[in-house]
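Just data04.tsv here, TSV, N, CA and C atoms:
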```tsv
chain	number	residue	atom	x	y	z
J	1	MET	N	0.84	-1.17	0.00
J	1	MET	CA	0.00	0.00	0.00
J	1	MET	C	0.89	1.24	0.00
J	2	LYS	N	0.53	2.20	-0.81
J	2	LYS	CA	1.31	3.44	-0.89
J	2	LYS	C	1.13	4.28	0.36
J	3	ILE	N	2.11	5.14	0.59
J	3	ILE	CA	2.05	6.03	1.74
J	3	ILE	C	0.85	6.97	1.64
J	4	GLU	N	0.47	7.37	0.42
J	4	GLU	CA	-0.70	8.24	0.24
J	4	GLU	C	-1.97	7.56	0.74
J	5	GLN	N	-2.07	6.25	0.52
J	5	GLN	CA	-3.25	5.52	0.96
J	5	GLN	C	-3.32	5.48	2.50
J	6	TYR	N	-2.18	5.29	3.16
J	6	TYR	CA	-2.16	5.33	4.62
J	6	TYR	C	-2.56	6.70	5.13
J	7	LEU	N	-2.07	7.73	4.48
J	7	LEU	CA	-2.42	9.09	4.86
J	7	LEU	C	-3.92	9.33	4.72
J	8	LYS	N	-4.50	8.88	3.62
J	8	LYS	CA	-5.94	9.04	3.41
J	8	LYS	C	-6.74	8.28	4.46
J	9	GLU	N	-6.30	7.09	4.81
J	9	GLU	CA	-6.98	6.30	5.83
J	9	GLU	C	-6.95	7.02	7.18
J	10	PHE	N	-5.80	7.60	7.52
J	10	PHE	CA	-5.67	8.35	8.76
J	10	PHE	C	-6.60	9.56	8.76
J	11	LEU	N	-6.61	10.32	7.67
J	11	LEU	CA	-7.47	11.49	7.58
J	11	LEU	C	-8.95	11.10	7.62
J	12	LEU	N	-9.28	10.00	6.98
J	12	LEU	CA	-10.66	9.50	6.99
J	12	LEU	C	-11.09	9.17	8.42
J	13	TYR	N	-10.23	8.49	9.17
J	13	TYR	CA	-10.54	8.17	10.56
J	13	TYR	C	-10.77	9.44	11.37
J	14	HIS	N	-9.91	10.42	11.19
J	14	HIS	CA	-10.03	11.68	11.93
J	14	HIS	C	-11.32	12.41	11.55
J	15	LEU	N	-11.65	12.45	10.27
J	15	LEU	CA	-12.87	13.13	9.82
J	15	LEU	C	-14.11	12.44	10.38
J	16	LYS	N	-14.11	11.11	10.38
J	16	LYS	CA	-15.26	10.37	10.92
J	16	LYS	C	-15.46	10.69	12.39
J	17	GLN	N	-14.37	10.80	13.15
J	17	GLN	CA	-14.48	11.14	14.56
J	17	GLN	C	-15.09	12.52	14.75
J	18	ARG	N	-14.67	13.48	13.95
J	18	ARG	CA	-15.16	14.86	14.10
J	18	ARG	C	-16.62	14.99	13.66
J	19	LEU	N	-16.99	14.33	12.55
J	19	LEU	CA	-18.35	14.49	12.03
J	19	LEU	C	-19.37	13.66	12.81
J	20	SER	N	-18.94	12.61	13.49
J	20	SER	CA	-19.89	11.81	14.26
J	20	SER	C	-20.46	12.63	15.42
J	21	LYS	N	-19.74	13.64	15.86
J	21	LYS	CA	-20.23	14.49	16.95
J	21	LYS	C	-21.43	15.33	16.53
J	22	VAL	N	-21.55	15.61	15.23
J	22	VAL	CA	-22.67	16.41	14.73
J	22	VAL	C	-23.66	15.56	13.94
J	23	LYS	N	-23.66	14.26	14.21
J	23	LYS	CA	-24.62	13.31	13.62
J	23	LYS	C	-24.53	13.23	12.10
J	24	GLN	N	-23.30	13.25	11.57
J	24	GLN	CA	-23.10	13.08	10.14
J	24	GLN	C	-22.17	11.89	9.93
J	25	ASP	N	-22.47	11.09	8.91
J	25	ASP	CA	-21.66	9.92	8.59
J	25	ASP	C	-20.93	10.15	7.28
J	26	LEU	N	-19.82	9.44	7.11
J	26	LEU	CA	-19.08	9.47	5.85
J	26	LEU	C	-19.19	8.11	5.19
J	27	GLU	N	-19.53	8.11	3.91
J	27	GLU	CA	-19.62	6.88	3.14
J	27	GLU	C	-18.72	6.99	1.93
J	28	PRO	N	-18.04	5.90	1.56
J	28	PRO	CA	-17.18	5.96	0.36
J	28	PRO	C	-18.02	6.10	-0.90
J	29	VAL	N	-17.47	6.78	-1.88
J	29	VAL	CA	-18.11	6.95	-3.18
J	29	VAL	C	-17.63	5.82	-4.08
J	30	PRO	N	-18.53	5.16	-4.82
J	30	PRO	CA	-18.11	4.02	-5.65
J	30	PRO	C	-17.06	4.36	-6.71
J	31	GLU	N	-17.16	5.55	-7.30
J	31	GLU	CA	-16.21	5.94	-8.33
J	31	GLU	C	-15.58	7.28	-7.96
J	32	PRO	N	-14.49	7.24	-7.19
J	32	PRO	CA	-13.84	8.51	-6.82
J	32	PRO	C	-13.18	9.16	-8.03
J	33	PRO	N	-12.89	10.43	-8.04
J	33	PRO	CA	-13.11	11.42	-7.02
J	33	PRO	C	-14.54	11.91	-7.01
J	34	PRO	N	-15.05	12.49	-5.99
J	34	PRO	CA	-14.49	12.67	-4.66
J	34	PRO	C	-14.46	11.35	-3.90
J	35	ASP	N	-13.78	11.36	-2.78
J	35	ASP	CA	-13.57	10.14	-2.02
J	35	ASP	C	-14.77	9.74	-1.15
J	36	LEU	N	-15.46	10.73	-0.59
J	36	LEU	CA	-16.50	10.46	0.40
J	36	LEU	C	-17.72	11.31	0.18
J	37	LYS	N	-18.87	10.79	0.65
J	37	LYS	CA	-20.06	11.63	0.69
J	37	LYS	C	-20.48	11.77	2.14
J	38	ILE	N	-20.97	12.95	2.48
J	38	ILE	CA	-21.42	13.25	3.83
J	38	ILE	C	-22.93	12.97	3.87
J	39	VAL	N	-23.33	12.10	4.79
J	39	VAL	CA	-24.73	11.71	4.90
J	39	VAL	C	-25.22	12.09	6.29
J	40	SER	N	-26.35	12.78	6.33
J	40	SER	CA	-26.97	13.16	7.60
J	40	SER	C	-28.43	12.74	7.56
J	41	TYR	N	-28.79	11.85	8.46
J	41	TYR	CA	-30.15	11.33	8.54
J	41	TYR	C	-30.63	10.77	7.20
J	42	GLY	N	-29.77	10.07	6.49
J	42	GLY	CA	-30.12	9.42	5.23
J	42	GLY	C	-30.04	10.29	3.99
J	43	MET	N	-29.76	11.58	4.14
J	43	MET	CA	-29.67	12.48	2.99
J	43	MET	C	-28.23	12.86	2.74
J	44	VAL	N	-27.86	12.96	1.45
J	44	VAL	CA	-26.51	13.38	1.09
J	44	VAL	C	-26.41	14.89	1.26
J	45	VAL	N	-25.51	15.32	2.13
J	45	VAL	CA	-25.33	16.73	2.43
J	45	VAL	C	-24.26	17.34	1.54
J	46	GLY	N	-23.22	16.57	1.20
J	46	GLY	CA	-22.13	17.07	0.39
J	46	GLY	C	-21.10	15.99	0.15
J	47	TYR	N	-19.99	16.39	-0.44
J	47	TYR	CA	-18.91	15.47	-0.77
J	47	TYR	C	-17.59	16.01	-0.25
J	48	ILE	N	-16.70	15.07	0.10
J	48	ILE	CA	-15.35	15.43	0.55
J	48	ILE	C	-14.35	14.75	-0.37
J	49	ASP	N	-13.37	15.50	-0.82
J	49	ASP	CA	-12.28	14.95	-1.63
J	49	ASP	C	-10.97	15.18	-0.89
J	50	ILE	N	-10.32	14.09	-0.47
J	50	ILE	CA	-9.04	14.17	0.22
J	50	ILE	C	-7.95	14.07	-0.84
J	51	ILE	N	-7.10	15.08	-0.90
J	51	ILE	CA	-6.10	15.17	-1.97
J	51	ILE	C	-4.71	15.12	-1.38
J	52	THR	N	-3.85	14.31	-2.01
J	52	THR	CA	-2.43	14.33	-1.66
J	52	THR	C	-1.70	15.15	-2.73
J	53	GLU	N	-0.40	15.31	-2.58
J	53	GLU	CA	0.36	16.21	-3.45
J	53	GLU	C	0.27	15.88	-4.94
J	54	ASN	N	0.23	14.62	-5.30
J	54	ASN	CA	0.33	14.23	-6.70
J	54	ASN	C	-1.00	13.89	-7.35
J	55	GLU	N	-2.10	14.26	-6.76
J	55	GLU	CA	-3.40	13.82	-7.28
J	55	GLU	C	-4.19	14.86	-8.06
J	56	ILE	N	-3.68	16.04	-8.27
J	56	ILE	CA	-4.41	17.05	-9.02
J	56	ILE	C	-4.20	16.83	-10.51
J	57	ASP	N	-5.30	16.62	-11.23
J	57	ASP	CA	-5.25	16.51	-12.68
J	57	ASP	C	-6.56	17.03	-13.26
J	58	SER	N	-6.63	17.11	-14.58
J	58	SER	CA	-7.80	17.69	-15.23
J	58	SER	C	-9.06	16.85	-15.04
J	59	VAL	N	-8.90	15.53	-14.94
J	59	VAL	CA	-10.06	14.65	-14.74
J	59	VAL	C	-10.72	14.95	-13.40
J	60	ARG	N	-9.90	15.13	-12.38
J	60	ARG	CA	-10.43	15.43	-11.04
J	60	ARG	C	-11.15	16.77	-11.04
J	61	VAL	N	-10.59	17.76	-11.68
J	61	VAL	CA	-11.21	19.09	-11.74
J	61	VAL	C	-12.55	19.02	-12.48
J	62	GLU	N	-12.62	18.25	-13.54
J	62	GLU	CA	-13.88	18.09	-14.28
J	62	GLU	C	-14.95	17.42	-13.41
J	63	ARG	N	-14.57	16.45	-12.59
J	63	ARG	CA	-15.52	15.81	-11.68
J	63	ARG	C	-16.03	16.81	-10.65
J	64	TRP	N	-15.15	17.70	-10.17
J	64	TRP	CA	-15.57	18.74	-9.23
J	64	TRP	C	-16.61	19.64	-9.89
J	65	LYS	N	-16.35	20.06	-11.13
J	65	LYS	CA	-17.28	20.94	-11.84
J	65	LYS	C	-18.64	20.26	-11.98
J	66	LYS	N	-18.64	18.99	-12.33
J	66	LYS	CA	-19.89	18.25	-12.51
J	66	LYS	C	-20.69	18.21	-11.22
J	67	LEU	N	-20.01	17.92	-10.09
J	67	LEU	CA	-20.70	17.87	-8.80
J	67	LEU	C	-21.30	19.21	-8.43
J	68	ILE	N	-20.55	20.27	-8.65
J	68	ILE	CA	-21.04	21.61	-8.28
J	68	ILE	C	-22.20	22.03	-9.17
J	69	LEU	N	-22.13	21.71	-10.46
J	69	LEU	CA	-23.23	22.05	-11.36
J	69	LEU	C	-24.51	21.31	-11.00
J	70	GLU	N	-24.39	20.14	-10.38
J	70	GLU	CA	-25.56	19.39	-9.93
J	70	GLU	C	-26.12	19.94	-8.63
J	71	GLY	N	-25.47	20.95	-8.05
J	71	GLY	CA	-25.96	21.58	-6.84
J	71	GLY	C	-25.43	20.98	-5.55
J	72	ASN	N	-24.38	20.20	-5.62
J	72	ASN	CA	-23.81	19.58	-4.43
J	72	ASN	C	-22.75	20.46	-3.78
J	73	LYS	N	-22.60	20.31	-2.48
J	73	LYS	CA	-21.55	21.01	-1.74
J	73	LYS	C	-20.29	20.16	-1.83
J	74	LEU	N	-19.14	20.80	-2.03
J	74	LEU	CA	-17.86	20.09	-2.15
J	74	LEU	C	-16.86	20.68	-1.17
J	75	ILE	N	-16.21	19.78	-0.43
J	75	ILE	CA	-15.16	20.17	0.51
J	75	ILE	C	-13.88	19.47	0.08
J	76	LEU	N	-12.82	20.25	-0.11
J	76	LEU	CA	-11.51	19.70	-0.45
J	76	LEU	C	-10.63	19.71	0.79
J	77	ILE	N	-9.98	18.59	1.05
J	77	ILE	CA	-9.00	18.49	2.13
J	77	ILE	C	-7.65	18.35	1.45
J	78	ILE	N	-6.80	19.38	1.58
J	78	ILE	CA	-5.56	19.44	0.82
J	78	ILE	C	-4.36	19.64	1.75
J	79	PRO	N	-3.15	19.30	1.27
J	79	PRO	CA	-1.95	19.58	2.07
J	79	PRO	C	-1.76	21.09	2.22
J	80	LYS	N	-1.33	21.52	3.39
J	80	LYS	CA	-1.18	22.95	3.66
J	80	LYS	C	-0.22	23.61	2.68
J	81	GLU	N	0.86	22.93	2.31
J	81	GLU	CA	1.85	23.55	1.41
J	81	GLU	C	1.36	23.63	-0.04
J	82	GLU	N	0.26	22.95	-0.37
J	82	GLU	CA	-0.28	22.99	-1.73
J	82	GLU	C	-1.47	23.94	-1.86
J	83	LYS	N	-1.81	24.65	-0.81
J	83	LYS	CA	-3.01	25.48	-0.82
J	83	LYS	C	-2.98	26.56	-1.89
J	84	LEU	N	-1.87	27.23	-2.05
J	84	LEU	CA	-1.76	28.29	-3.05
J	84	LEU	C	-1.97	27.74	-4.46
J	85	ARG	N	-1.31	26.66	-4.79
J	85	ARG	CA	-1.41	26.08	-6.13
J	85	ARG	C	-2.84	25.61	-6.42
J	86	ILE	N	-3.46	24.95	-5.46
J	86	ILE	CA	-4.81	24.43	-5.68
J	86	ILE	C	-5.83	25.57	-5.72
J	87	THR	N	-5.63	26.61	-4.91
J	87	THR	CA	-6.51	27.77	-4.96
J	87	THR	C	-6.42	28.46	-6.32
J	88	GLU	N	-5.22	28.55	-6.88
J	88	GLU	CA	-5.08	29.13	-8.23
J	88	GLU	C	-5.82	28.31	-9.27
J	89	ILE	N	-5.76	27.00	-9.17
J	89	ILE	CA	-6.49	26.13	-10.10
J	89	ILE	C	-7.99	26.36	-9.96
J	90	LEU	N	-8.47	26.45	-8.72
J	90	LEU	CA	-9.90	26.68	-8.49
J	90	LEU	C	-10.35	28.02	-9.05
J	91	TRP	N	-9.54	29.08	-8.90
J	91	TRP	CA	-9.89	30.39	-9.48
J	91	TRP	C	-9.91	30.33	-10.99
J	92	LYS	N	-8.93	29.67	-11.56
J	92	LYS	CA	-8.85	29.57	-13.02
J	92	LYS	C	-10.07	28.84	-13.60
J	93	GLU	N	-10.56	27.85	-12.88
J	93	GLU	CA	-11.70	27.06	-13.35
J	93	GLU	C	-13.05	27.65	-12.93
J	94	GLY	N	-13.02	28.73	-12.15
J	94	GLY	CA	-14.26	29.37	-11.72
J	94	GLY	C	-14.96	28.65	-10.58
J	95	LEU	N	-14.22	27.91	-9.78
J	95	LEU	CA	-14.81	27.12	-8.70
J	95	LEU	C	-14.48	27.65	-7.31
J	96	ALA	N	-13.65	28.65	-7.21
J	96	ALA	CA	-13.11	29.07	-5.91
J	96	ALA	C	-14.19	29.47	-4.91
J	97	GLU	N	-15.22	30.18	-5.34
J	97	GLU	CA	-16.25	30.61	-4.40
J	97	GLU	C	-17.29	29.54	-4.12
J	98	LYS	N	-17.23	28.41	-4.82
J	98	LYS	CA	-18.22	27.35	-4.64
J	98	LYS	C	-17.68	26.14	-3.89
J	99	VAL	N	-16.40	26.15	-3.55
J	99	VAL	CA	-15.75	25.01	-2.91
J	99	VAL	C	-15.19	25.45	-1.56
J	100	SER	N	-15.40	24.60	-0.55
J	100	SER	CA	-14.78	24.85	0.76
J	100	SER	C	-13.45	24.10	0.80
J	101	VAL	N	-12.43	24.73	1.35
J	101	VAL	CA	-11.10	24.13	1.37
J	101	VAL	C	-10.62	24.01	2.81
J	102	GLY	N	-10.20	22.80	3.17
J	102	GLY	CA	-9.57	22.54	4.46
J	102	GLY	C	-8.17	22.03	4.21
J	103	THR	N	-7.28	22.25	5.15
J	103	THR	CA	-5.90	21.83	4.96
J	103	THR	C	-5.48	20.86	6.07
J	104	TYR	N	-4.45	20.10	5.77
J	104	TYR	CA	-3.85	19.24	6.78
J	104	TYR	C	-2.34	19.37	6.70
J	105	GLU	N	-1.73	19.13	7.84
J	105	GLU	CA	-0.28	19.21	7.94
J	105	GLU	C	0.15	18.19	8.99
J	106	ILE	N	1.24	17.50	8.72
J	106	ILE	CA	1.75	16.52	9.66
J	106	ILE	C	3.04	17.06	10.25
J	107	ASN	N	3.06	17.19	11.57
J	107	ASN	CA	4.24	17.70	12.27
J	107	ASN	C	4.77	16.61	13.19
J	108	LEU	N	6.03	16.33	13.08
J	108	LEU	CA	6.70	15.40	13.98
J	108	LEU	C	7.71	16.18	14.80
J	109	LEU	N	7.52	16.18	16.09
J	109	LEU	CA	8.43	16.89	16.98
J	109	LEU	C	9.25	15.87	17.76
J	110	LEU	N	10.52	15.94	17.62
J	110	LEU	CA	11.42	15.02	18.31
J	110	LEU	C	12.24	15.77	19.37
J	111	PRO	N	12.52	15.11	20.48
J	111	PRO	CA	13.29	15.78	21.53
J	111	PRO	C	14.75	15.96	21.15
```
Rewrite the structure of this file - the entire thing - as structure tokens.
Amino acid sequence: MKIEQYLKEFLLYHLKQRLSKVKQDLEPVPEPPPDLKIVSYGMVVGYIDIITENEIDSVRVERWKKLILEGNKLILIIPKEEKLRITEILWKEGLAEKVSVGTYEINLLLP
């Protein structure tokens, strides 16, 4: 298994813990991207796409456009150091004001 897959599994676990407090569940999407759909009381509330450094391509951006045009909410979880580059892509594609962006960063502190 690639390191990106372990990272996604860790982030998925963390997101499930946070959203369970507000009575929302995460379910995998059969054909990613996006990776997950947010379900609250049986209704789809939105979608979450967890992105690692090497996963941005035109196919993924087109899937985002399709979801937003259908009226769905989209949340991107991206690496903190890639925020500028991904925000520029979102502005260029006209999606910046329609997408929520969250970041993650892994810090290891050693004595």
Report task. Just the helix (DSSP H, G or I) stuff from segment 3-106 of chain J, please, per backbone DSSP, written as a ChimeraX atom specification. Result -> /J:3-20,58-69,80-93,96-98
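Separating atom CA of Val44 of chain J from atom CA of Lys83 of chain J is a distance of 26.5 Å.
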**Report entry** Within 9 Å of file point (-12.1, 20.8, 0.9), counting only C-alpha atoms, expressed as a list in words
**Finding:** Tyr47, Ile48, Asp49, Ile50, Ile51, Leu74, Ile75, Leu76, Ile77, Ile78, Val99, Ser100, Val101, Gly102 and Thr103 of chain J
**Report entry** Contact residues around segment 4-10 of chain J with only C-alpha atoms at 9 Å, ignoring same-chain residues under 2 positions, as a ChimeraX atom specification
**Finding:** /J:1-2,12-15,50-53
Query - Test item: residues at most 6.5 Å from Tyr41 of chain J, all atoms listed in the file, excluding those fewer than 2 positions along its chain, as a ChimeraX atom specification - result: /J:23-25,39,43
Around all the atoms of segment 23-36 of chain J listed in the file, draw an axis-aligned box and extend it by 4 Å on each of the six sides; I want its centre and edge lengths in Å to one decimal, as AutoDock Vina command-line options.
```
--center_x -18.8 --center_y 9.1 --center_z 2.9 --size_x 19.7 --size_y 18.2 --size_z 30.5
```
Requested in this report: Considering only C-alpha atoms, state which residue in the set J:Ile89, J:Ile38, J:Tyr104, J:Ile3 is at the smallest distance from Asn72 of chain J.
Outcome: J:Ile38
Query raised in the report: At what distance in Å, to one decimal, does atom CA of Pro34 of chain J lie from atom C of Val22 of chain J?
Result: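 Separating atom C of Val22 of chain J from atom CA of Pro34 of chain J is a distance of 20.9 Å.
Counting from atom CA of Arg63 of chain J, the distance to atom CA of Pro33 of chain J is 6.8 Å.
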Report task. Return as a list in words the full set of residues in chain J whose backbone-based DSSP assignment is strand (DSSP E or B). Result ->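 Here are the strand (DSSP E or B) residues of chain J: Asp25, Leu26, Glu27, Pro28, Leu36, Lys37, Ile38, Val39, Ser40, Met43, Val44, Val45, Gly46, Tyr47, Ile48, Asp49, Ile50, Leu74, Ile75, Leu76, Ile77, Ile78, Pro79, Val99, Ser100, Val101, Gly102, Thr103 and Tyr104 of chain J.
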Query raised in the report: With only C-alpha atoms as the basis for distance, which of J:Ser40, J:Asp57, J:Lys65, J:Ile86 is at the shortest distance from Lys21 of chain J?
Result: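 Closest to Lys21 of chain J of all the choices is J:Ser40.
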